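Shown next: input18.txt, containing compact mmCIF, C-alpha atoms.
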# COMPACT_ATOMS: atom_id res chain seq x y z
CA MET A 1 -8.30 -35.40 215.49
CA ASN A 2 -7.14 -37.20 212.42
CA THR A 3 -9.90 -35.70 210.30
CA LEU A 4 -9.14 -32.29 211.74
CA THR A 5 -5.50 -32.51 210.70
CA LYS A 6 -6.53 -33.72 207.29
CA MET A 7 -8.92 -30.84 206.95
CA THR A 8 -6.27 -28.34 207.94
CA LEU A 9 -3.88 -29.92 205.48
CA SER A 10 -6.35 -29.87 202.67
CA SER A 11 -7.32 -26.29 203.37
CA LEU A 12 -3.64 -25.37 203.30
CA THR A 13 -3.29 -27.04 199.93
CA LEU A 14 -6.40 -25.23 198.83
CA ALA A 15 -4.98 -21.93 199.97
CA SER A 16 -1.86 -22.44 197.91
CA THR A 17 -3.76 -23.42 194.80
CA LEU A 18 -6.06 -20.45 195.35
CA LEU A 19 -3.11 -18.20 194.71
CA ALA A 20 -2.68 -19.81 191.34
CA SER A 21 -6.30 -19.43 190.33
CA GLN A 22 -8.08 -17.37 192.91
CA ALA A 23 -11.25 -17.04 190.97
CA LEU A 24 -12.12 -20.71 190.76
CA ALA A 25 -13.38 -21.29 194.27
CA HIS A 26 -15.25 -18.01 194.41
CA GLY A 27 -18.82 -17.37 193.50
CA LEU A 28 -19.63 -15.84 190.14
CA ASN A 29 -21.72 -12.69 190.39
CA MET A 30 -23.47 -11.35 187.34
CA TRP A 31 -26.07 -8.68 187.83
CA PRO A 32 -27.65 -6.00 185.66
CA SER A 33 -27.98 -2.41 186.84
CA GLN A 34 -31.73 -2.73 186.23
CA PHE A 35 -33.88 -5.84 185.90
CA ASN A 36 -37.01 -4.06 184.63
CA ILE A 37 -36.90 -1.01 182.38
CA ASN A 38 -39.21 1.10 180.23
CA SER A 39 -37.58 2.25 177.03
CA LYS A 40 -39.16 2.50 173.60
CA ARG A 41 -35.87 3.79 172.24
CA PRO A 42 -32.64 1.75 172.10
CA THR A 43 -30.95 1.95 175.47
CA THR A 44 -28.28 0.38 177.60
CA VAL A 45 -28.35 -1.80 180.69
CA THR A 46 -25.02 -2.33 182.36
CA VAL A 47 -24.25 -5.87 183.46
CA ASP A 48 -21.44 -6.38 185.96
CA LEU A 49 -19.52 -9.61 186.45
CA SER A 50 -17.12 -10.44 189.23
CA PHE A 51 -15.82 -13.53 190.97
CA SER A 52 -15.95 -13.04 194.70
CA GLU A 53 -16.48 -14.77 198.02
CA THR A 54 -19.25 -12.42 199.16
CA PRO A 55 -22.10 -11.90 196.69
CA PHE A 56 -22.00 -8.65 194.70
CA ARG A 57 -18.76 -7.55 196.31
CA LEU A 58 -16.23 -6.97 193.56
CA ASP A 59 -13.05 -9.03 193.67
CA HIS A 60 -11.84 -10.59 190.39
CA SER A 61 -12.82 -9.75 186.82
CA VAL A 62 -13.76 -12.49 184.37
CA SER A 63 -12.93 -13.19 180.74
CA ALA A 64 -15.60 -11.65 178.52
CA ALA A 65 -15.54 -14.63 176.17
CA GLY A 66 -18.09 -16.53 178.23
CA LEU A 67 -20.90 -13.98 177.78
CA SER A 68 -23.93 -14.64 175.63
CA VAL A 69 -27.31 -12.96 175.38
CA ILE A 70 -30.61 -14.23 174.00
CA ASP A 71 -33.00 -11.50 172.88
CA PRO A 72 -36.81 -11.55 173.37
CA GLN A 73 -37.25 -13.31 170.00
CA GLY A 74 -35.04 -16.15 171.14
CA LYS A 75 -32.13 -15.16 168.92
CA THR A 76 -28.58 -15.19 170.23
CA LEU A 77 -27.26 -11.65 169.89
CA ARG A 78 -24.24 -11.23 167.65
CA TYR A 79 -23.27 -7.87 169.09
CA LEU A 80 -23.78 -7.54 172.82
CA GLY A 81 -22.45 -4.02 173.38
CA ASN A 82 -19.23 -2.61 174.73
CA ILE A 83 -17.35 -4.79 177.20
CA TYR A 84 -14.78 -3.49 179.66
CA GLN A 85 -12.52 -5.58 181.84
CA SER A 86 -11.07 -3.81 184.84
CA ALA A 87 -9.13 -5.24 187.75
CA GLN A 88 -12.06 -6.29 189.86
CA ARG A 89 -14.95 -6.54 187.45
CA THR A 90 -16.00 -7.05 183.88
CA THR A 91 -18.72 -4.77 182.58
CA LEU A 92 -21.03 -5.26 179.63
CA ASP A 93 -23.04 -2.30 178.35
CA LEU A 94 -25.82 -4.44 176.97
CA ALA A 95 -27.57 -2.83 174.03
CA ILE A 96 -31.35 -3.16 174.49
CA SER A 97 -33.52 -2.41 171.50
CA GLU A 98 -36.46 -4.80 171.75
CA GLN A 99 -39.41 -5.12 174.07
CA GLY A 100 -39.45 -8.27 176.14
CA THR A 101 -37.15 -10.40 178.21
CA TYR A 102 -33.44 -10.79 177.57
CA THR A 103 -31.55 -13.78 178.98
CA VAL A 104 -27.94 -13.03 179.89
CA THR A 105 -25.68 -16.04 180.43
CA TYR A 106 -22.07 -16.38 181.38
CA GLN A 107 -20.33 -19.72 181.10
CA ASN A 108 -16.64 -20.30 181.46
CA GLN A 109 -14.58 -22.79 179.48
CA PRO A 110 -14.69 -26.18 181.24
CA ARG A 111 -11.75 -26.66 183.59
CA TYR A 112 -10.08 -29.94 184.43
CA THR A 113 -8.55 -30.65 187.80
CA THR A 114 -6.73 -33.86 188.57
CA SER A 115 -6.29 -34.35 192.29
CA TYR A 116 -4.25 -37.05 193.97
CA THR A 117 -2.46 -37.88 197.20
CA VAL A 118 1.21 -38.67 197.79
CA GLY A 119 3.29 -40.00 200.67
CA SER A 120 2.47 -41.72 203.92
CA GLN A 121 0.52 -38.67 205.14
CA ALA A 122 -1.63 -38.71 202.02
CA LYS A 123 -0.78 -35.14 201.12
CA LYS A 124 -3.29 -33.71 198.66
CA LYS A 125 -2.04 -32.34 195.36
CA ARG A 126 -3.74 -30.98 192.27
CA LEU A 127 -2.92 -30.56 188.61
CA ARG A 128 -4.85 -28.33 186.23
CA LEU A 129 -4.90 -31.08 183.63
CA ASN A 130 -7.40 -33.52 182.21
CA LYS A 131 -7.14 -37.27 182.73
CA SER A 132 -5.01 -38.04 179.67
CA ASP A 133 -2.68 -35.03 179.97
CA ALA A 134 -2.18 -35.73 183.67
CA GLN A 135 -0.82 -39.24 183.05
CA SER A 136 2.67 -38.02 182.14
CA GLU A 137 2.77 -35.50 185.03
CA LEU A 138 1.60 -37.76 187.86
CA PRO A 139 4.30 -39.17 190.14
CA ASN A 140 4.50 -42.94 190.33
CA SER A 141 3.45 -42.88 193.97
CA ALA A 142 0.24 -40.93 193.26
CA LYS A 143 -2.84 -42.44 194.86
CA ASN A 144 -6.56 -41.60 194.81
CA VAL A 145 -6.29 -39.99 191.41
CA VAL A 146 -9.52 -38.28 190.37
CA THR A 147 -10.06 -35.89 187.49
CA LYS A 148 -12.92 -33.44 187.71
CA LYS A 149 -14.30 -31.39 184.87
CA SER A 150 -16.11 -28.30 186.09
CA VAL A 151 -18.29 -25.65 184.52
CA THR A 152 -19.50 -22.42 186.10
CA THR A 153 -22.59 -20.65 184.80
CA ALA A 154 -24.33 -17.43 185.76
CA ILE A 155 -27.69 -16.20 184.51
CA ALA A 156 -29.87 -13.13 184.84
CA PHE A 157 -33.00 -11.84 183.11
CA ILE A 158 -33.69 -8.28 182.02
CA THR A 159 -37.16 -7.18 180.92
CA ASN A 160 -37.85 -4.11 178.82
CA ILE A 161 -41.50 -3.00 179.08
CA ARG A 162 -43.69 -6.05 178.43
CA PRO A 163 -42.31 -9.38 179.66
CA SER A 164 -41.96 -12.02 176.97
CA LYS A 165 -44.63 -14.67 177.08
CA GLN A 166 -42.31 -17.43 175.92
CA ASP A 167 -41.99 -20.42 178.19
CA PHE A 168 -38.54 -20.76 179.59
CA LYS A 169 -37.24 -24.17 178.58
CA PRO A 170 -34.08 -26.06 179.41
CA THR A 171 -31.65 -26.63 176.55
CA GLY A 172 -30.88 -30.08 177.92
CA LYS A 173 -27.20 -29.38 178.50
CA GLY A 174 -25.67 -29.44 181.95
CA LEU A 175 -27.09 -27.78 185.05
CA GLU A 176 -29.75 -25.20 184.28
CA LEU A 177 -32.16 -22.99 186.14
CA VAL A 178 -35.48 -22.33 184.43
CA PRO A 179 -37.90 -19.75 185.82
CA VAL A 180 -41.46 -20.89 186.52
CA THR A 181 -42.59 -17.53 187.91
CA HIS A 182 -41.54 -14.91 185.35
CA PRO A 183 -38.50 -13.03 186.74
CA SER A 184 -40.23 -9.74 185.94
CA ASP A 185 -43.02 -10.75 188.37
CA TYR A 186 -40.83 -11.29 191.42
CA VAL A 187 -42.46 -9.34 194.24
CA THR A 188 -42.62 -9.59 198.00
CA ASN A 189 -45.23 -11.95 199.51
CA ASP A 190 -45.85 -13.82 196.24
CA VAL A 191 -44.68 -17.40 195.90
CA ILE A 192 -41.74 -17.44 193.51
CA THR A 193 -40.93 -20.72 191.83
CA MET A 194 -37.99 -21.86 189.74
CA LYS A 195 -36.84 -25.22 188.50
CA LEU A 196 -33.48 -26.94 188.23
CA TYR A 197 -32.57 -29.32 185.45
CA LEU A 198 -29.59 -31.55 184.88
CA ASN A 199 -29.15 -32.53 181.25
CA GLY A 200 -32.82 -31.80 180.62
CA GLN A 201 -34.11 -33.82 183.58
CA PRO A 202 -35.50 -32.22 186.77
CA LEU A 203 -32.81 -32.22 189.45
CA ARG A 204 -34.27 -33.53 192.71
CA ASN A 205 -32.83 -33.09 196.20
CA ALA A 206 -30.33 -30.49 195.11
CA THR A 207 -29.27 -27.94 197.71
CA ALA A 208 -29.62 -24.31 196.71
CA LYS A 209 -28.10 -21.48 198.69
CA LEU A 210 -29.71 -18.07 198.77
CA GLN A 211 -27.99 -14.86 199.76
CA ARG A 212 -29.02 -11.23 199.70
CA SER A 213 -26.68 -8.43 198.67
CA GLY A 214 -24.90 -6.67 201.51
CA ALA A 215 -24.21 -9.94 203.35
CA GLN A 216 -20.92 -8.41 204.56
CA TYR A 217 -22.87 -5.94 206.71
CA LEU A 218 -24.99 -8.52 208.50
CA ALA A 219 -24.36 -10.27 211.80
CA SER A 220 -24.05 -13.53 209.91
CA ASN A 221 -23.48 -13.92 206.19
CA LYS A 222 -24.49 -17.55 206.17
CA PRO A 223 -26.70 -18.26 203.17
CA SER A 224 -30.10 -19.87 203.70
CA GLU A 225 -30.39 -23.34 202.21
CA SER A 226 -33.26 -25.14 200.59
CA VAL A 227 -33.66 -28.37 198.66
CA THR A 228 -35.41 -28.98 195.34
CA ASP A 229 -38.59 -31.07 195.49
CA ALA A 230 -39.55 -34.16 193.47
CA ASN A 231 -40.07 -31.95 190.38
CA GLY A 232 -36.75 -30.20 190.79
CA GLN A 233 -38.56 -27.08 191.95
CA LEU A 234 -37.65 -24.43 194.48
CA SER A 235 -40.21 -22.04 195.95
CA TYR A 236 -39.57 -18.91 197.94
CA GLN A 237 -41.60 -16.20 199.56
CA PHE A 238 -39.87 -12.94 200.44
CA ASP A 239 -41.01 -10.40 202.98
CA GLN A 240 -38.34 -7.90 201.96
CA GLY A 241 -37.28 -6.79 198.51
CA GLY A 242 -33.68 -6.76 197.38
CA LEU A 243 -30.98 -8.17 195.15
CA PHE A 244 -30.42 -11.88 195.63
CA THR A 245 -28.17 -14.62 194.36
CA LEU A 246 -29.06 -18.28 194.28
CA SER A 247 -26.23 -20.77 193.91
CA VAL A 248 -26.29 -24.48 193.24
CA LYS A 249 -23.40 -26.92 193.17
CA HIS A 250 -23.76 -30.38 191.76
CA SER A 251 -21.33 -33.06 190.75
CA GLU A 252 -21.54 -36.67 189.73
CA LYS A 253 -19.28 -39.53 188.79
CA GLN A 254 -18.90 -40.14 185.10
CA ASN A 255 -16.86 -42.60 183.15
CA ALA A 256 -15.47 -40.28 180.49
CA LYS A 257 -12.22 -40.36 178.60
CA LEU A 258 -10.89 -37.10 180.03
CA TYR A 259 -12.51 -37.04 183.48
CA ASP A 260 -14.05 -39.14 186.26
CA GLU A 261 -16.36 -36.54 187.74
CA MET A 262 -18.45 -33.76 186.26
CA GLY A 263 -19.03 -30.70 188.44
CA TYR A 264 -21.43 -27.82 187.87
CA ARG A 265 -21.83 -24.52 189.63
CA LEU A 266 -24.74 -22.25 188.82
CA PHE A 267 -25.41 -18.70 189.97
CA TYR A 268 -28.68 -16.89 189.42
CA SER A 269 -29.08 -13.20 190.30
CA PHE A 270 -32.52 -11.69 190.62
CA GLU A 271 -34.36 -8.79 192.11
CA ILE A 272 -37.37 -8.91 194.42
CA SER A 273 -39.49 -5.80 194.15
CA TYR A 274 -41.19 -4.59 197.31
CA GLU A 275 -44.89 -4.03 196.90
CA MET B 1 -56.94 22.56 181.85
CA LYS B 2 -58.71 20.79 184.67
CA LYS B 3 -61.98 22.43 183.70
CA SER B 4 -61.65 21.29 180.12
CA ILE B 5 -61.14 17.73 181.33
CA TYR B 6 -64.31 17.97 183.35
CA ILE B 7 -66.20 19.40 180.40
CA THR B 8 -64.88 16.66 178.16
CA LEU B 9 -65.84 14.10 180.77
CA ALA B 10 -69.29 15.64 181.10
CA VAL B 11 -69.81 15.64 177.33
CA MET B 12 -68.51 12.09 177.11
CA SER B 13 -70.78 10.92 179.88
CA MET B 14 -73.76 12.55 178.15
CA LEU B 15 -72.85 10.79 174.92
CA PHE B 16 -72.45 7.45 176.61
CA SER B 17 -75.53 7.86 178.77
CA THR B 18 -77.65 7.13 175.75
CA LEU B 19 -75.81 3.84 175.22
CA SER B 20 -75.43 2.49 178.73
CA PRO B 21 -75.52 3.98 182.20
CA ALA B 22 -71.89 5.02 182.69
CA VAL B 23 -70.71 4.28 186.19
CA THR B 24 -68.04 6.57 187.51
CA LEU B 25 -66.21 6.98 190.76
CA THR B 26 -65.56 10.37 192.29
CA VAL B 27 -62.34 10.22 194.22
CA ASP B 28 -61.51 13.05 196.61
CA PHE B 29 -58.02 13.05 198.05
CA SER B 30 -55.22 15.33 199.06
CA LEU B 31 -51.54 15.26 198.27
CA PRO B 32 -49.70 16.28 201.45
CA LYS B 33 -47.32 19.24 201.54
CA PHE B 34 -43.73 18.37 202.27
CA ASP B 35 -41.46 21.09 203.52
CA GLN B 36 -38.41 20.30 201.48
CA GLN B 37 -36.51 22.45 199.03
CA ASP B 38 -36.20 19.84 196.34
CA TYR B 39 -39.89 18.88 196.50
CA ARG B 40 -41.14 17.22 193.32
CA LYS B 41 -44.79 16.66 192.53
CA PRO B 42 -45.59 12.97 192.91
CA TYR B 43 -46.57 10.42 190.30
CA VAL B 44 -50.09 9.14 190.94
CA ALA B 45 -51.67 6.04 189.43
CA MET B 46 -55.14 4.61 189.98
CA TRP B 47 -56.34 1.37 188.55
CA ALA B 48 -58.86 -1.37 189.18
CA GLU B 49 -57.80 -4.93 189.86
CA THR B 50 -60.04 -7.92 189.44
CA LYS B 51 -58.92 -11.53 189.53
CA GLY B 52 -56.24 -11.87 186.87
CA ASP B 53 -57.08 -8.57 185.20
CA SER B 54 -56.63 -4.86 185.70
CA LYS B 55 -57.92 -1.62 184.21
CA ASN B 56 -56.02 1.62 184.06
CA LEU B 57 -58.00 4.56 185.46
CA LEU B 58 -55.60 7.44 186.04
CA LEU B 59 -51.94 8.31 185.61
CA TRP B 60 -50.28 11.56 186.58
CA HIS B 61 -46.67 11.74 185.47
CA LEU B 62 -44.23 13.90 183.55
CA ILE B 63 -46.14 13.84 180.28
CA LYS B 64 -43.48 15.84 178.49
CA ARG B 65 -41.39 12.70 178.45
CA ASP B 66 -42.71 10.53 175.66
CA ASN B 67 -40.44 7.80 176.94
CA ASP B 68 -40.81 8.11 180.69
CA LYS B 69 -38.33 5.67 182.17
CA TRP B 70 -39.41 6.50 185.71
CA LEU B 71 -42.81 4.86 185.24
CA VAL B 72 -41.26 1.59 186.42
CA ASP B 73 -40.97 3.17 189.87
CA ILE B 74 -44.75 3.13 190.28
CA ARG B 75 -43.95 -0.45 191.07
CA ARG B 76 -47.22 -2.29 191.40
CA TRP B 77 -48.95 -0.18 188.77
CA TRP B 78 -46.06 -0.88 186.38
CA ARG B 79 -46.27 -4.62 186.98
CA LYS B 80 -50.07 -4.84 186.70
CA GLU B 81 -50.82 -2.23 184.09
CA GLY B 82 -48.01 0.02 182.85
CA ARG B 83 -45.82 -2.50 181.12
CA TYR B 84 -48.76 -3.89 179.12
CA SER B 85 -49.90 -0.52 177.78
CA ASP B 86 -47.10 0.09 175.24
CA ASN B 87 -46.75 3.56 176.77
CA GLN B 88 -50.20 4.43 175.41
CA PHE B 89 -52.21 5.84 178.27
CA ASP B 90 -54.67 7.91 176.21
CA GLY B 91 -57.55 9.48 178.05
CA ILE B 92 -56.31 8.83 181.54
CA THR B 93 -52.99 10.64 181.58
CA GLY B 94 -52.32 14.01 183.09
CA ALA B 95 -49.43 16.08 184.29
CA THR B 96 -48.31 15.82 187.89
CA HIS B 97 -50.23 18.00 190.37
CA MET B 98 -49.28 20.23 193.25
CA ALA B 99 -49.85 19.32 196.85
CA GLY B 100 -53.40 20.10 197.96
CA GLN B 101 -56.96 18.86 197.56
CA HIS B 102 -57.90 17.04 194.36
CA GLN B 103 -60.99 15.48 192.88
CA VAL B 104 -61.00 13.06 189.96
CA GLN B 105 -63.72 11.18 188.10
CA LEU B 106 -62.86 7.63 187.12
CA ASP B 107 -64.76 5.85 184.38
CA ILE B 108 -65.02 2.27 185.57
CA ALA B 109 -67.15 1.08 182.62
CA ASP B 110 -68.78 -2.25 183.47
CA LEU B 111 -66.74 -3.05 186.55
CA ASN B 112 -68.86 -4.08 189.49
CA ASP B 113 -66.72 -5.90 192.01
CA PHE B 114 -63.06 -4.94 192.11
CA THR B 115 -60.22 -3.48 194.14
CA LEU B 116 -59.38 0.15 193.53
CA MET B 117 -55.61 0.62 193.76
CA ILE B 118 -53.96 3.98 194.31
CA GLU B 119 -50.17 4.29 194.18
CA VAL B 120 -48.33 7.53 194.86
CA VAL B 121 -44.57 7.80 194.32
CA ARG B 122 -42.51 10.91 194.85
CA GLN B 123 -38.96 11.65 193.74
CA LYS B 124 -36.74 12.20 196.79
CA GLY B 125 -39.77 11.17 198.80
CA GLY B 126 -41.73 8.11 199.75
CA ARG B 127 -44.30 5.81 198.29
CA SER B 128 -47.83 4.85 199.28
CA LEU B 129 -49.91 1.98 198.00
CA VAL B 130 -53.56 2.06 198.96
CA ARG B 131 -56.21 -0.53 198.16
CA GLN B 132 -59.97 -0.48 198.61
CA LYS B 133 -62.39 -3.30 197.78
CA ILE B 134 -65.38 -1.88 195.96
CA ASN B 135 -68.68 -3.58 195.25
CA LEU B 136 -71.27 -1.42 193.52
CA ASN B 137 -74.13 -3.46 195.01
CA ASP B 138 -72.74 -2.90 198.45
CA HIS B 139 -71.59 0.51 199.66
CA GLN B 140 -71.83 3.69 197.62
CA GLN B 141 -69.16 5.54 199.55
CA TYR B 142 -65.79 4.54 200.94
CA SER B 143 -63.28 6.31 203.16
CA ILE B 144 -59.60 5.52 203.44
CA ALA B 145 -57.31 6.81 206.17
CA PRO B 146 -54.29 8.94 205.20
CA SER B 147 -50.87 7.40 204.64
CA ASP B 148 -47.39 8.85 204.01
CA GLU B 149 -47.83 10.20 200.50
CA ILE B 150 -51.60 10.59 200.25
CA GLY B 151 -54.14 12.20 202.58
CA ALA B 152 -57.60 10.93 203.49
CA ILE B 153 -59.48 9.55 200.49
CA THR B 154 -63.23 9.38 199.90
CA ILE B 155 -64.64 7.42 197.02
CA LYS B 156 -68.21 7.94 195.82
CA VAL B 157 -70.01 5.71 193.36
CA ASN B 158 -72.06 7.58 190.73
CA LYS B 159 -74.54 5.26 189.09
Please express what this file holds, its structure, as structure tokens.
Amino acid sequence: MNTLTKMTLSSLTLASTLLASQALAHGLNMWPSQFNINSKRPTTVTVDLSFSETPFRLDHSVSAAGLSVIDPQGKTLRYLGNIYQSAQRTTLDLAISEQGTYTVTYQNQPRYTTSYTVGSQAKKKRLRLNKSDAQSELPNSAKNVVTKKSVTTAIAFITNIRPSKQDFKPTGKGLELVPVTHPSDYVTNDVITMKLYLNGQPLRNATAKLQRSGAQYLASNKPSESVTDANGQLSYQFDQGGLFTLSVKHSEKQNAKLYDEMGYRLFYSFEISYE
Amino acid sequence: MKKSIYITLAVMSMLFSTLSPAVTLTVDFSLPKFDQQDYRKPYVAMWAETKGDSKNLLLWHLIKRDNDKWLVDIRRWWRKEGRYSDNQFDGITGATHMAGQHQVQLDIADLNDFTLMIEVVRQKGGRSLVRQKINLNDHQQYSIAPSDEIGAITIKVNK
């Protein structure tokens, strides 16, 4: 009973903070209009971004500042294309001029959240401040003070004509997903493998959630869960094609000046082609 | 047009016959009629798959487009063959064909043991993917039952 009350209380607190920053608890969707194209001439692929509870269902637009694109030569593009921010989504008209695989990444500015409890009922409170800035704002009675730094990342791959042969490698920073099977080769009945890294090291035993688009029309929109193996790898086999999103959450204690815990959220959108 | 292709093929096969015995496949098939107002002639691709490799044998598409973005919709063909060809399909490309009976000659060069793949995709229509294992030392004729977008197929080996 006690835990139940606590849960209700904490979800109430959550609900009130959600109003302040609705987007934070939602999933980040980023998906191109096409994953594989054939164009010898310069063309455009539209990439949509939206924070939402249900995958690929528009809800909140994002700041365009977090977008970056790596072209097939491995260069970071200086000019991405036109970007539009509307109420429920942000749209990038990505300019494609090369043959090969483009990597589209979105990463928000790290956010700091200092949470604490007050009073005899241990009421949960949160401040959107880092550890040092929170010191002056915290009440004297604050207990269980923890500051979390969190980063949200989304990635997607777009291939024009011939897929790039380059090996996908982790940069060594934060939580990353690196394809093992080339994303342009994702088809039904084949084994599709990808690998998770944390700061350049394979991330073992991490839970990944997988959801298909249109979850809101299904009897249950519960994502399927799987766990990375000893090499940090995930393998899937699909019997139906479709648009999917894979999400991973990971956090760990850290003794840093501005935070006690580092949290990562990663979202990977991909397409399975039916063959 | 079709005749000239056959003549060219015949001349080519005569030329090559002096070098090495050119093995070809004769593929007889029909494209079904669909009673729909906005009927479009289908895209047809044929190719040979061996372990880890593939060889393009035939492609019927809208050749007027020099940058045919719809080729990606011949999904397996695109993944195995199309995307690696730099949009250069010389010698095997033709325009799309009407519904009805068709016969094509495929030059399989030195292939001996492979899977012949046939993919048919139609705008505002369906898609069929047909595969047939072929071993030249084994059978000399193969028959494949009809499916949605392609009628009965017979394949003859000409050695």
Handout entry: Shell of 10 Å around Asn140 of chain A, all atoms listed in the file, local chain residues under 4 positions omitted, as a count of residues only
Key = 3
Edge lengths and centre in Å to one decimal, as JSON, of the axis-aligned box that encloses all listed atoms of segment 58-70 of chain B with 4 Å added on every side?
{"center_x": -47.0, "center_y": 10.8, "center_z": 181.1, "size_x": 25.3, "size_y": 18.2, "size_z": 18.9}
Residues of chain B within 10 Å of chain A: nearest atom pair and distance (Å, one decimal) for each, counting all atoms listed in the file, sorted by chain and number, as JSON lines?
{"residue": "B:Asp66", "atom": "CA", "partner": "A:Lys40", "partner_atom": "CA", "distance": 9.0}
{"residue": "B:Asn67", "atom": "CA", "partner": "A:Ser39", "partner_atom": "CA", "distance": 6.2}
{"residue": "B:Asp68", "atom": "CA", "partner": "A:Asn38", "partner_atom": "CA", "distance": 7.2}
{"residue": "B:Lys69", "atom": "CA", "partner": "A:Asn38", "partner_atom": "CA", "distance": 5.0}
{"residue": "B:Trp70", "atom": "CA", "partner": "A:Asn38", "partner_atom": "CA", "distance": 7.7}
{"residue": "B:Leu71", "atom": "CA", "partner": "A:Asn38", "partner_atom": "CA", "distance": 7.2}
{"residue": "B:Val72", "atom": "CA", "partner": "A:Ile37", "partner_atom": "CA", "distance": 6.5}
{"residue": "B:Asp73", "atom": "CA", "partner": "A:Ile37", "partner_atom": "CA", "distance": 9.5}
{"residue": "B:Ile74", "atom": "CA", "partner": "A:Glu275", "partner_atom": "CA", "distance": 9.8}
{"residue": "B:Arg75", "atom": "CA", "partner": "A:Glu275", "partner_atom": "CA", "distance": 6.9}
{"residue": "B:Arg76", "atom": "CA", "partner": "A:Glu275", "partner_atom": "CA", "distance": 6.2}
{"residue": "B:Trp77", "atom": "CA", "partner": "A:Glu275", "partner_atom": "CA", "distance": 9.9}
{"residue": "B:Trp78", "atom": "CA", "partner": "A:Ile161", "partner_atom": "CA", "distance": 8.9}
{"residue": "B:Arg79", "atom": "CA", "partner": "A:Asp185", "partner_atom": "CA", "distance": 7.1}
{"residue": "B:Lys80", "atom": "CA", "partner": "A:Asp185", "partner_atom": "CA", "distance": 9.3}
{"residue": "B:Glu81", "atom": "CA", "partner": "A:Arg162", "partner_atom": "CA", "distance": 9.9}
{"residue": "B:Gly82", "atom": "CA", "partner": "A:Ile161", "partner_atom": "CA", "distance": 8.1}
{"residue": "B:Arg83", "atom": "CA", "partner": "A:Ile161", "partner_atom": "CA", "distance": 4.8}
{"residue": "B:Tyr84", "atom": "CA", "partner": "A:Arg162", "partner_atom": "CA", "distance": 5.6}
{"residue": "B:Ser85", "atom": "CA", "partner": "A:Arg162", "partner_atom": "CA", "distance": 8.3}
{"residue": "B:Asp86", "atom": "CA", "partner": "A:Ile161", "partner_atom": "CA", "distance": 7.5}
{"residue": "B:Asn87", "atom": "CA", "partner": "A:Lys40", "partner_atom": "CA", "distance": 8.3}
{"residue": "B:Arg127", "atom": "CA", "partner": "A:Glu275", "partner_atom": "CA", "distance": 10.0}
{"residue": "B:Ser128", "atom": "CA", "partner": "A:Glu275", "partner_atom": "CA", "distance": 9.7}
{"residue": "B:Leu129", "atom": "CA", "partner": "A:Glu275", "partner_atom": "CA", "distance": 7.9}
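Atom pair atom CA of Leu94 of chain A / atom CA of Lys173 of chain A: separated by 25.0 Å.
What separates atom CA of Phe29 of chain B from atom CA of Thr188 of chain A is a distance of 27.4 Å.
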Residue contacts of His61 of chain B (10 Å, only C-alpha atoms) excluding same-chain residues fewer than 3 positions away, as a VMD selection string:
chain B and resid 41 to 45 58 64 to 65 68 70 to 71 93 to 97 121
Can you pull out every residue within 9 Å of Asn135 of chain B, counting only C-alpha atoms, but drop anything in the same chain fewer than 6 positions away, and send it as a PDB file with C-alpha atoms, keeping the file's coordinate frame?
ATOM      1  CA  LEU B 111     -66.740  -3.050 186.550  1.00  0.00           C
ATOM      2  CA  ASN B 112     -68.860  -4.080 189.490  1.00  0.00           C
ATOM      3  CA  ASP B 113     -66.720  -5.900 192.010  1.00  0.00           C
ATOM      4  CA  PHE B 114     -63.060  -4.940 192.110  1.00  0.00           C
ATOM      5  CA  THR B 115     -60.220  -3.480 194.140  1.00  0.00           C
TER       6      THR B 115
END
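Here the question is which of B:Leu106, B:Val130, B:Met46, B:Met117 gets nearest to Asp148 of chain B using only C-alpha atoms, and that residue is B:Val130.
Distances to Asn199 of chain A were evaluated for A:Arg212, A:Gly74, A:Leu175, A:Val146 using all atoms listed in the file, and the minimum falls at A:Leu175.
Note that the spacing between atom CA of Gln88 of chain A and atom CA of Phe51 of chain A amounts to 8.2 Å.
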